[in-house]
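Visitor: What follows is data_16.cif, made up of mmCIF, C-alpha atoms:
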```
data_start
loop_
_atom_site.label_atom_id
_atom_site.label_comp_id
_atom_site.auth_asym_id
_atom_site.auth_seq_id
_atom_site.Cartn_x
_atom_site.Cartn_y
_atom_site.Cartn_z
CA MET A 1 -10.29 55.35 -14.50
CA ALA A 2 -11.68 57.86 -12.11
CA ILE A 3 -14.68 56.84 -10.16
CA PRO A 4 -17.57 58.97 -11.20
CA MET A 5 -19.68 59.39 -8.13
CA ALA A 6 -23.39 59.54 -8.23
CA MET A 7 -23.60 59.73 -11.93
CA ALA A 8 -26.89 59.27 -13.51
CA THR A 9 -27.21 56.14 -15.59
CA PRO A 10 -28.56 57.74 -18.76
CA THR A 11 -25.12 59.09 -19.53
CA ASP A 12 -23.57 55.70 -18.97
CA SER A 13 -25.98 53.98 -21.26
CA VAL A 14 -24.47 55.81 -24.16
CA SER A 15 -21.10 54.14 -23.66
CA ARG A 16 -20.80 50.45 -23.04
CA ILE A 17 -19.01 50.90 -19.78
CA TRP A 18 -21.42 50.94 -16.95
CA SER A 19 -20.09 51.88 -13.59
CA MET A 20 -20.93 50.31 -10.32
CA SER A 21 -21.17 53.51 -8.45
CA SER A 22 -24.61 54.49 -9.57
CA LEU A 23 -25.88 51.07 -8.66
CA LYS A 24 -23.99 50.95 -5.43
CA SER A 25 -25.40 54.18 -4.29
CA ALA A 26 -28.86 52.79 -4.72
CA LEU A 27 -28.17 49.53 -2.92
CA PRO A 28 -27.16 48.91 0.68
CA SER A 29 -23.47 48.30 0.48
CA ALA A 30 -21.66 45.49 2.19
CA VAL A 31 -17.95 44.98 2.42
CA THR A 32 -16.08 46.82 -0.24
CA CYS A 33 -12.76 45.87 -1.65
CA ARG A 34 -10.88 47.82 -4.20
CA LEU A 35 -9.67 46.07 -7.27
CA PRO A 36 -6.95 47.57 -9.37
CA SER A 37 -8.59 48.72 -12.52
CA SER A 38 -7.48 46.71 -15.49
CA SER A 39 -6.56 48.49 -18.61
CA SER A 40 -7.88 45.84 -20.97
CA SER A 41 -11.27 44.61 -19.99
CA ARG A 42 -11.24 41.51 -22.20
CA ARG A 43 -9.53 39.36 -19.58
CA PRO A 44 -11.83 37.51 -17.24
CA VAL A 45 -11.82 39.26 -13.92
CA THR A 46 -9.97 37.29 -11.28
CA LEU A 47 -11.86 36.95 -8.11
CA ARG A 48 -10.37 38.17 -4.86
CA LEU A 49 -12.28 37.39 -1.75
CA PRO A 50 -12.85 40.18 0.68
CA VAL A 51 -10.50 39.64 3.58
CA SER A 52 -12.85 40.70 6.26
CA SER A 53 -15.47 38.02 5.74
CA PRO A 54 -15.41 35.42 8.53
CA LEU A 55 -15.88 32.33 6.40
CA PRO A 56 -14.31 32.62 3.01
CA SER A 57 -16.67 30.63 0.87
CA PHE A 58 -15.58 28.99 -2.29
CA THR A 59 -16.73 31.13 -5.12
CA GLY A 60 -14.16 30.08 -7.62
CA LEU A 61 -16.46 28.78 -10.32
CA SER A 62 -19.45 30.95 -9.88
CA PRO A 63 -19.83 33.97 -12.08
CA VAL A 64 -18.95 37.14 -10.34
CA ASN A 65 -22.17 38.63 -9.15
CA PRO A 66 -22.25 42.28 -10.00
CA LEU A 67 -24.60 43.00 -7.18
CA LEU A 68 -22.24 41.70 -4.50
CA SER A 69 -19.80 44.44 -3.93
CA ILE A 70 -16.59 42.80 -4.86
CA GLY A 71 -15.12 46.02 -5.96
CA LEU A 72 -15.42 48.07 -9.01
CA PRO A 73 -14.86 45.66 -11.86
CA ASP A 74 -14.36 47.44 -15.02
CA TRP A 75 -16.71 45.52 -17.25
CA ARG A 76 -17.36 46.25 -20.80
CA SER A 77 -19.48 43.26 -21.63
CA PHE A 78 -21.41 40.47 -20.05
CA GLU A 79 -18.78 37.79 -20.53
CA ASP A 80 -16.16 39.41 -18.34
CA GLY A 81 -17.74 38.10 -15.19
CA PHE A 82 -17.24 34.46 -16.14
CA LYS A 83 -14.15 32.53 -15.36
CA ILE A 84 -13.82 30.22 -18.34
CA ILE A 85 -12.85 26.75 -17.18
CA ASP A 86 -13.25 23.94 -19.70
CA GLY A 87 -11.27 21.42 -21.70
CA GLY A 88 -9.90 24.06 -23.99
CA GLY A 89 -12.94 24.24 -26.30
CA ARG A 90 -13.68 27.67 -27.64
CA VAL A 91 -17.19 28.95 -27.57
CA TYR A 92 -17.94 31.44 -30.30
CA ALA A 93 -21.02 33.47 -30.83
CA MET A 94 -20.85 32.50 -34.54
CA ARG A 95 -20.81 28.99 -36.02
CA HIS A 96 -17.07 28.89 -36.73
CA GLY A 97 -15.75 25.34 -36.94
CA ARG A 98 -18.95 23.54 -35.99
CA ARG A 99 -19.44 20.62 -38.32
CA VAL A 100 -22.43 18.68 -37.00
CA PRO A 101 -25.41 19.22 -39.32
CA LYS A 102 -28.47 20.05 -37.31
CA LEU A 103 -31.08 19.48 -40.06
CA ASN A 104 -33.48 21.92 -38.36
CA ARG A 105 -34.44 19.37 -35.76
CA PRO A 106 -33.85 18.74 -32.08
CA PRO A 107 -31.28 16.01 -31.34
CA ASP A 108 -33.69 13.15 -30.77
CA GLN A 109 -35.59 13.79 -33.97
CA ARG A 110 -32.36 14.27 -35.86
CA LYS A 111 -31.09 10.90 -34.75
CA ALA A 112 -34.38 9.26 -35.67
CA LEU A 113 -34.38 10.92 -39.10
CA LEU A 114 -30.86 9.72 -39.85
CA ARG A 115 -31.67 6.23 -38.64
CA GLY A 116 -34.69 6.11 -40.90
CA LEU A 117 -32.79 7.42 -43.88
CA THR A 118 -29.94 4.94 -43.52
CA THR A 119 -32.44 2.12 -43.11
CA GLN A 120 -34.19 3.11 -46.31
CA LEU A 121 -30.95 3.53 -48.24
CA LEU A 122 -29.73 0.12 -47.19
CA LYS A 123 -33.10 -1.33 -48.10
CA HIS A 124 -33.59 0.28 -51.49
CA GLY A 125 -30.07 1.02 -52.65
CA ARG A 126 -30.91 4.43 -54.00
CA ILE A 127 -33.10 7.11 -52.52
CA LYS A 128 -33.95 10.67 -53.40
CA THR A 129 -33.84 13.22 -50.64
CA THR A 130 -32.65 16.75 -49.96
CA ARG A 131 -28.98 17.55 -50.36
CA ALA A 132 -28.44 18.44 -46.73
CA ARG A 133 -29.91 15.15 -45.56
CA ALA A 134 -27.99 13.17 -48.15
CA SER A 135 -24.66 14.66 -47.15
CA ALA A 136 -25.51 14.26 -43.46
CA MET A 137 -26.31 10.59 -43.74
CA ARG A 138 -23.11 9.55 -45.52
CA LYS A 139 -21.28 9.20 -42.26
CA PHE A 140 -23.85 6.85 -40.77
CA VAL A 141 -24.21 4.69 -43.85
CA ASP A 142 -20.46 4.25 -43.95
CA LYS A 143 -20.52 3.39 -40.29
CA MET A 144 -23.12 0.67 -40.81
CA ILE A 145 -21.17 -0.84 -43.68
CA THR A 146 -18.02 -0.81 -41.60
CA LEU A 147 -19.84 -2.63 -38.83
CA ALA A 148 -20.97 -5.21 -41.34
CA LYS A 149 -17.44 -5.59 -42.67
CA ASP A 150 -16.25 -6.52 -39.19
CA GLY A 151 -19.02 -9.08 -38.86
CA SER A 152 -18.70 -10.07 -35.22
CA LEU A 153 -21.66 -10.58 -32.93
CA HIS A 154 -21.03 -7.40 -31.00
CA LYS A 155 -20.99 -5.36 -34.19
CA ARG A 156 -24.12 -7.08 -35.39
CA ARG A 157 -25.92 -6.13 -32.23
CA GLN A 158 -24.71 -2.57 -32.55
CA ALA A 159 -26.09 -2.46 -36.06
CA LEU A 160 -29.37 -3.93 -34.86
CA GLY A 161 -29.58 -1.11 -32.37
CA TYR A 162 -29.34 1.49 -35.09
CA ILE A 163 -31.20 0.15 -38.11
CA TYR A 164 -34.92 -0.14 -37.74
CA GLU A 165 -35.50 -3.41 -39.60
CA LYS A 166 -33.57 -6.49 -38.59
CA GLN A 167 -33.92 -8.23 -41.96
CA ILE A 168 -31.89 -5.45 -43.47
CA VAL A 169 -29.12 -5.92 -40.91
CA HIS A 170 -28.91 -9.63 -41.60
CA ALA A 171 -28.91 -9.08 -45.34
CA LEU A 172 -26.26 -6.40 -44.94
CA PHE A 173 -23.96 -8.61 -42.90
CA ALA A 174 -24.39 -11.37 -45.45
CA GLU A 175 -23.50 -9.41 -48.55
CA VAL A 176 -21.12 -6.64 -47.52
CA PRO A 177 -17.93 -8.74 -47.43
CA ASP A 178 -18.38 -9.71 -51.08
CA ARG A 179 -19.56 -6.38 -52.28
CA TYR A 180 -17.29 -4.00 -50.41
CA GLY A 181 -14.40 -6.25 -49.49
CA GLU A 182 -11.74 -4.32 -51.37
CA ARG A 183 -13.22 -0.87 -51.12
CA ASN A 184 -11.90 1.27 -48.29
CA GLY A 185 -14.54 3.77 -47.35
CA GLY A 186 -16.68 5.90 -49.63
CA TYR A 187 -19.52 3.47 -49.97
CA THR A 188 -22.03 6.06 -51.14
CA ARG A 189 -22.37 8.41 -54.04
CA ILE A 190 -24.43 11.58 -54.15
CA ILE A 191 -25.83 12.87 -57.41
CA ARG A 192 -27.42 16.28 -57.29
CA THR A 193 -30.63 16.72 -59.19
CA LEU A 194 -33.40 19.20 -59.90
CA PRO A 195 -35.05 21.04 -57.03
CA ARG A 196 -38.34 19.86 -55.58
CA ARG A 197 -41.39 21.55 -56.97
CA GLY A 198 -43.24 22.35 -53.74
CA ASP A 199 -40.54 24.27 -51.90
CA ASN A 200 -37.63 24.44 -54.35
CA ALA A 201 -35.51 22.37 -52.00
CA PRO A 202 -32.29 21.19 -53.65
CA MET A 203 -32.58 17.44 -54.08
CA ALA A 204 -30.05 14.68 -54.55
CA TYR A 205 -29.94 10.97 -55.15
CA ILE A 206 -27.82 9.06 -52.73
CA GLU A 207 -26.91 5.54 -53.70
CA LEU A 208 -24.70 2.74 -52.52
CA VAL A 209 -21.67 2.50 -54.69
CA MET B 1 -16.09 13.67 -77.52
CA THR B 2 -14.75 11.69 -74.60
CA PHE B 3 -16.38 11.52 -71.24
CA SER B 4 -15.41 13.86 -68.47
CA ARG B 5 -16.03 12.99 -64.89
CA ARG B 6 -19.06 15.21 -64.73
CA GLU B 7 -20.86 13.76 -67.70
CA PRO B 8 -24.33 12.59 -66.61
CA LEU B 9 -23.80 9.11 -68.02
CA VAL B 10 -20.66 8.73 -65.93
CA VAL B 11 -22.12 10.30 -62.82
CA GLY B 12 -25.21 8.14 -63.06
CA GLY B 13 -23.05 5.07 -63.34
CA VAL B 14 -24.33 4.03 -66.76
CA VAL B 15 -20.83 4.03 -68.17
CA GLY B 16 -19.35 1.22 -66.17
CA ASP B 17 -22.46 -0.70 -65.22
CA VAL B 18 -24.02 -1.12 -68.64
CA VAL B 19 -21.62 0.13 -71.29
CA ASP B 20 -17.99 0.99 -71.70
CA PRO B 21 -16.81 4.52 -72.41
CA PHE B 22 -17.68 5.41 -75.97
CA THR B 23 -17.83 8.36 -78.32
CA ARG B 24 -21.16 9.89 -79.06
CA LEU B 25 -21.55 9.84 -82.81
CA VAL B 26 -25.26 9.99 -83.46
CA SER B 27 -28.01 12.01 -81.84
CA LEU B 28 -30.69 10.13 -80.01
CA ARG B 29 -34.01 11.65 -79.01
CA VAL B 30 -36.45 9.67 -76.89
CA THR B 31 -39.88 11.09 -76.13
CA TYR B 32 -42.62 9.66 -73.96
CA GLY B 33 -45.72 11.54 -75.02
CA HIS B 34 -44.79 15.17 -74.57
CA ARG B 35 -41.88 14.46 -72.21
CA GLU B 36 -38.45 14.30 -73.70
CA VAL B 37 -36.07 12.01 -71.91
CA THR B 38 -32.96 13.73 -70.62
CA ASN B 39 -30.29 11.94 -68.63
CA GLY B 40 -31.48 11.31 -65.13
CA LEU B 41 -35.05 12.44 -65.70
CA ASP B 42 -37.62 11.15 -63.19
CA LEU B 43 -40.47 9.25 -64.72
CA ARG B 44 -43.27 7.22 -63.21
CA PRO B 45 -44.57 3.93 -64.57
CA SER B 46 -47.73 5.70 -65.66
CA HIS B 47 -45.66 7.94 -67.92
CA VAL B 48 -43.80 5.07 -69.56
CA LEU B 49 -46.65 2.68 -70.22
CA ASN B 50 -46.40 2.88 -73.99
CA LYS B 51 -43.33 2.73 -76.12
CA PRO B 52 -41.60 6.01 -76.74
CA THR B 53 -40.94 7.73 -80.02
CA VAL B 54 -37.26 7.42 -80.76
CA GLU B 55 -35.57 9.62 -83.34
CA ILE B 56 -32.09 8.87 -84.54
CA GLY B 57 -29.70 11.23 -86.22
CA GLY B 58 -27.05 10.22 -88.66
CA ASP B 59 -27.05 10.98 -92.36
CA ASP B 60 -27.16 7.91 -94.51
CA PHE B 61 -30.20 5.74 -94.96
CA ARG B 62 -28.01 2.76 -95.54
CA ASN B 63 -26.71 2.70 -91.99
CA PHE B 64 -28.72 0.62 -89.64
CA TYR B 65 -28.89 0.90 -85.90
CA THR B 66 -29.93 -1.28 -83.00
CA LEU B 67 -31.69 0.10 -79.95
CA VAL B 68 -31.54 -1.72 -76.63
CA MET B 69 -33.52 -0.69 -73.53
CA VAL B 70 -32.40 -2.28 -70.27
CA ASP B 71 -32.88 -1.80 -66.57
CA PRO B 72 -29.63 -2.54 -64.70
CA ASP B 73 -31.12 -2.31 -61.23
CA VAL B 74 -33.36 -5.33 -61.04
CA PRO B 75 -34.82 -6.39 -58.71
CA SER B 76 -33.58 -3.57 -56.45
CA PRO B 77 -30.61 -1.19 -56.72
CA SER B 78 -29.24 -2.46 -53.42
CA ASN B 79 -29.24 -6.02 -54.69
CA PRO B 80 -29.16 -6.18 -58.48
CA HIS B 81 -28.58 -9.90 -58.91
CA LEU B 82 -30.83 -10.12 -61.96
CA ARG B 83 -28.74 -7.40 -63.53
CA GLU B 84 -30.10 -5.97 -66.73
CA TYR B 85 -33.65 -6.71 -67.54
CA LEU B 86 -34.31 -6.30 -71.22
CA HIS B 87 -37.32 -4.12 -71.90
CA TRP B 88 -37.09 -3.47 -75.65
CA LEU B 89 -34.93 -4.49 -78.57
CA VAL B 90 -35.29 -2.98 -82.02
CA THR B 91 -32.90 -3.64 -84.89
CA ASP B 92 -32.43 -2.44 -88.45
CA ILE B 93 -33.42 1.11 -87.79
CA PRO B 94 -32.38 3.26 -90.74
CA ALA B 95 -30.53 6.45 -89.92
CA THR B 96 -32.51 9.69 -89.50
CA THR B 97 -35.68 7.73 -88.84
CA GLY B 98 -37.23 6.35 -85.72
CA ALA B 99 -37.69 3.06 -83.95
CA ALA B 100 -41.04 2.58 -85.63
CA PHE B 101 -39.18 1.81 -88.85
CA GLY B 102 -37.09 -0.90 -87.30
CA ASN B 103 -37.53 -4.54 -86.59
CA GLU B 104 -38.88 -5.08 -83.09
CA ILE B 105 -37.23 -8.25 -81.86
CA VAL B 106 -38.28 -8.01 -78.23
CA CYS B 107 -41.52 -6.15 -77.74
CA TYR B 108 -41.74 -3.20 -75.41
CA GLU B 109 -42.47 -3.92 -71.78
CA SER B 110 -43.05 -0.93 -69.58
CA PRO B 111 -40.78 -0.62 -66.55
CA ARG B 112 -42.52 -1.36 -63.28
CA PRO B 113 -39.90 -1.34 -60.54
CA PRO B 114 -41.17 -2.96 -57.36
CA SER B 115 -38.76 -1.23 -55.03
CA GLY B 116 -36.16 1.48 -55.14
CA ILE B 117 -35.28 3.88 -57.90
CA HIS B 118 -34.22 2.09 -61.07
CA ARG B 119 -32.25 3.51 -63.95
CA VAL B 120 -33.61 2.61 -67.38
CA VAL B 121 -30.96 2.90 -70.05
CA LEU B 122 -31.38 3.20 -73.80
CA VAL B 123 -28.32 2.27 -75.83
CA LEU B 124 -27.86 2.68 -79.56
CA PHE B 125 -25.46 0.58 -81.59
CA ARG B 126 -24.51 0.86 -85.23
CA GLN B 127 -24.88 -2.28 -87.26
CA LEU B 128 -22.47 -3.23 -89.98
CA GLY B 129 -25.29 -4.17 -92.28
CA ARG B 130 -28.66 -5.75 -92.08
CA GLN B 131 -28.37 -8.69 -89.77
CA THR B 132 -30.67 -11.10 -88.09
CA VAL B 133 -30.66 -10.83 -84.37
CA TYR B 134 -32.10 -13.56 -82.25
CA ALA B 135 -34.13 -12.66 -79.21
CA PRO B 136 -32.73 -14.02 -75.95
CA GLY B 137 -34.72 -16.72 -74.23
CA TRP B 138 -35.59 -14.58 -71.25
CA ARG B 139 -35.46 -10.91 -70.38
CA GLN B 140 -33.41 -10.94 -67.21
CA GLN B 141 -29.71 -11.55 -66.84
CA PHE B 142 -29.19 -9.73 -70.11
CA ASN B 143 -25.72 -8.40 -70.72
CA THR B 144 -25.42 -5.50 -73.13
CA ARG B 145 -21.69 -5.88 -73.56
CA GLU B 146 -22.00 -9.56 -74.43
CA PHE B 147 -24.82 -8.81 -76.82
CA ALA B 148 -22.65 -6.30 -78.63
CA GLU B 149 -19.82 -8.85 -78.72
CA ILE B 150 -21.96 -11.58 -80.23
CA TYR B 151 -23.41 -9.47 -83.01
CA ASN B 152 -20.26 -7.45 -83.69
CA LEU B 153 -21.84 -4.17 -82.82
CA GLY B 154 -18.76 -2.70 -81.19
CA LEU B 155 -19.07 0.26 -78.90
CA PRO B 156 -22.35 2.15 -78.59
CA VAL B 157 -22.86 5.33 -80.54
CA ALA B 158 -25.39 6.95 -78.22
CA ALA B 159 -26.95 6.38 -74.83
CA SER B 160 -29.51 7.95 -72.57
CA PHE B 161 -31.15 7.00 -69.31
CA PHE B 162 -33.93 8.00 -66.96
CA ASN B 163 -34.92 7.10 -63.43
CA CYS B 164 -38.10 5.23 -62.65
CA GLN B 165 -39.68 4.38 -59.34
CA ARG B 166 -42.99 2.92 -58.36
CA GLU B 167 -46.11 4.99 -58.44
CA ASN B 168 -46.96 5.63 -54.83
CA GLY B 169 -44.04 6.08 -52.48
CA CYS B 170 -41.59 3.38 -51.60
CA GLY B 171 -44.02 0.60 -50.74
CA GLY B 172 -44.04 1.18 -47.01
CA ARG B 173 -42.29 -0.61 -44.28
CA ARG B 174 -42.63 -4.34 -44.59
CA THR B 175 -41.22 -6.36 -41.75
#
```
Represent the structure from my file as structure tokens, please.
Guide:
Amino acid sequence: MAIPMAMATPTDSVSRIWSMSSLKSALPSAVTCRLPSSSSSRRPVTLRLPVSSPLPSFTGLSPVNPLLSIGLPDWRSFEDGFKIIDGGGRVYAMRHGRRVPKLNRPPDQRKALLRGLTTQLLKHGRIKTTRARASAMRKFVDKMITLAKDGSLHKRRQALGYIYEKQIVHALFAEVPDRYGERNGGYTRIIRTLPRRGDNAPMAYIELV
Amino acid sequence: MTFSRREPLVVGGVVGDVVDPFTRLVSLRVTYGHREVTNGLDLRPSHVLNKPTVEIGGDDFRNFYTLVMVDPDVPSPSNPHLREYLHWLVTDIPATTGAAFGNEIVCYESPRPPSGIHRVVLVLFRQLGRQTVYAPGWRQQFNTREFAEIYNLGLPVAASFFNCQRENGCGGRRT
């Protein structure tokens, strides 16, 4: 890619490639180092320290600062400056593969909502709520019943830390072995029902099987 | 007509908890005031204070039917140890008429669930002839299957249920 010198930025704004040269000409330049231009700009740009700096500082994990003249990185998008170091998890701009239901609430409220719902289901046996909440709470109700199936003191204290009313925990630990002794999982049933009048929210009954 | 998995009576757990799988032979229409009871309908105790009008199908006046109304979720759906509270028992209902023409053995008591959402089930049996049915000594611990066994009623011919919960919310948090 030829280096267009002193090009005005309005022409660059049409294409997604913006060149450093127009910016560099405006800024006081420091040490320059030429990078070989990469043909595909989707790879993260590997960082090469300028040789002439006295103290090579560790800049391995920091995003490449476009204003420090590292060279002329051929960037087509914002993400190319980041070296992606993680456990192998992919970060998408879309929701692909994310399975945690957020329930339109921040994490602390979400946890409190689910705790309240499981407490009420274990207390009443059958509750009517929205479909999203009903399908989100299945996991936690099953978890509480599994804790009760185990029955040890540690599990009881874990259940007490989650369910809001301690009478319900004691009643649960007393009756779960008889009631769900043979059943392996799937301790709830969801029955969809008519939408709510006020906001047409799809409702469902969730009940302990 | 056998029951598929998606049939409301199966999904609501009525078939299994209260009755065995049966074939629907006769039409059953239950109306509380202007509200017709469909399977799984939500009703409040204020709607079900008085006995409903029940209309039975069938074709022959000489067939008699028995209507049983029970609540299988007493005292609470999470702990139904008093399973099946008998609310209403009417026998000798001629076909194509209503429950008003029958013999009310156990008078109607309106459902007032203290906690949780209770199902209230109405089951219709066909009698072999006119028969005397004795009222049970108490309303709770009623067993519909045993009742049908004792009086030779066989399998039900129709069933319907609705959901009932207490008037204002769930009763609050009581420690």
Visitor: Using 8 Å as the limit and counting all atoms listed in the file, can you tabulate each residue of chain B that touches chain A, with its shortest atom-to-atom distance in Å and the two atoms involved, as CSV?
Guide:
```
residue,atom,partner,partner_atom,distance
B:Val11,CA,A:Ile191,CA,7.0
B:Gly12,CA,A:Ile191,CA,7.4
B:Ser76,CA,A:His124,CA,6.3
B:Pro77,CA,A:Gly125,CA,4.7
B:Ser78,CA,A:Gly125,CA,3.7
B:Asn79,CA,A:Gly125,CA,7.4
B:Ser115,CA,A:His124,CA,6.4
B:Gly116,CA,A:His124,CA,4.6
B:Ile117,CA,A:Arg126,CA,5.9
B:Thr175,CA,A:Glu165,CA,6.8
```
Visitor: List the neighbours of range 93-110 of chain A out to 9 Å using only C-alpha atoms; skip same-chain residues closer than 2 positions along the sequence, and give me the result as a list in words.
Guide: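 So the residues in contact are Val91, Ala112, Leu113, Leu114, Arg115, Ala132, Arg133 and Ala136 of chain A.
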Visitor: Enter the distance from CA of Val54 in chain B to CA of Gly98 in chain B, in Å, rounded to one decimal.
Guide: 5.1 Å
Visitor: Skipping near chain neighbours, those fewer than 3 positions away, what residues fall within 9 Å of Val123 in chain B using only C-alpha atoms, listed as a compact mmCIF listing (two decimals) with C-alpha atoms, in the frame of the given file?
Guide:
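File produced: result.txt:
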```
# COMPACT_ATOMS: atom_id res chain seq x y z
CA VAL B 19 -21.62 0.13 -71.29
CA THR B 66 -29.93 -1.28 -83.00
CA LEU B 67 -31.69 0.10 -79.95
CA VAL B 68 -31.54 -1.72 -76.63
CA MET B 69 -33.52 -0.69 -73.53
CA VAL B 70 -32.40 -2.28 -70.27
CA THR B 144 -25.42 -5.50 -73.13
CA PRO B 156 -22.35 2.15 -78.59
CA VAL B 157 -22.86 5.33 -80.54
CA ALA B 158 -25.39 6.95 -78.22
CA ALA B 159 -26.95 6.38 -74.83
CA SER B 160 -29.51 7.95 -72.57
CA PHE B 161 -31.15 7.00 -69.31
```
Visitor: Need the neighbours of (-42.0, 7.3, -81.7): which residues are at most 12 Å away, counting all atoms listed in the file, as an MDAnalysis selection string?
Guide: chainID B and resid 28:36 50:56 97:102
Visitor: Work out how far CA of Glu149 in chain B is from CA of Ala95 in chain B, in Å to one decimal.
Guide: 21.8 Å
Visitor: Pick out the closest residue to Tyr65 in chain B from this set: B:Leu124, B:Val18, B:Leu43, B:Val26. Count all atoms listed in the file.
Guide: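 Distance minimum relative to Tyr65 in chain B lands on B:Leu124.
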Visitor: Just to confirm, what's the straight-line distance from CA of Cys107 in chain B to CA of Trp88 in chain B in Å (one decimal)?
Guide: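 Interatomic distance here is 5.6 Å.
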Visitor: Which of these, B:Pro45, B:Gly16, B:Pro111, B:Pro72, has the shortest distance to Gln140 in chain B once you count only C-alpha atoms?
Guide: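 Answer, going by the shortest atom-to-atom distance: B:Pro72.
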Visitor: I need the residue nearest Glu146 in chain B from this list: B:Thr96, B:Asp20, B:Ser27, B:His118. Use only C-alpha atoms for the distance.
Guide: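 Among B:Thr96, B:Asp20, B:Ser27, B:His118, it is B:Asp20 that comes nearest to Glu146 in chain B.
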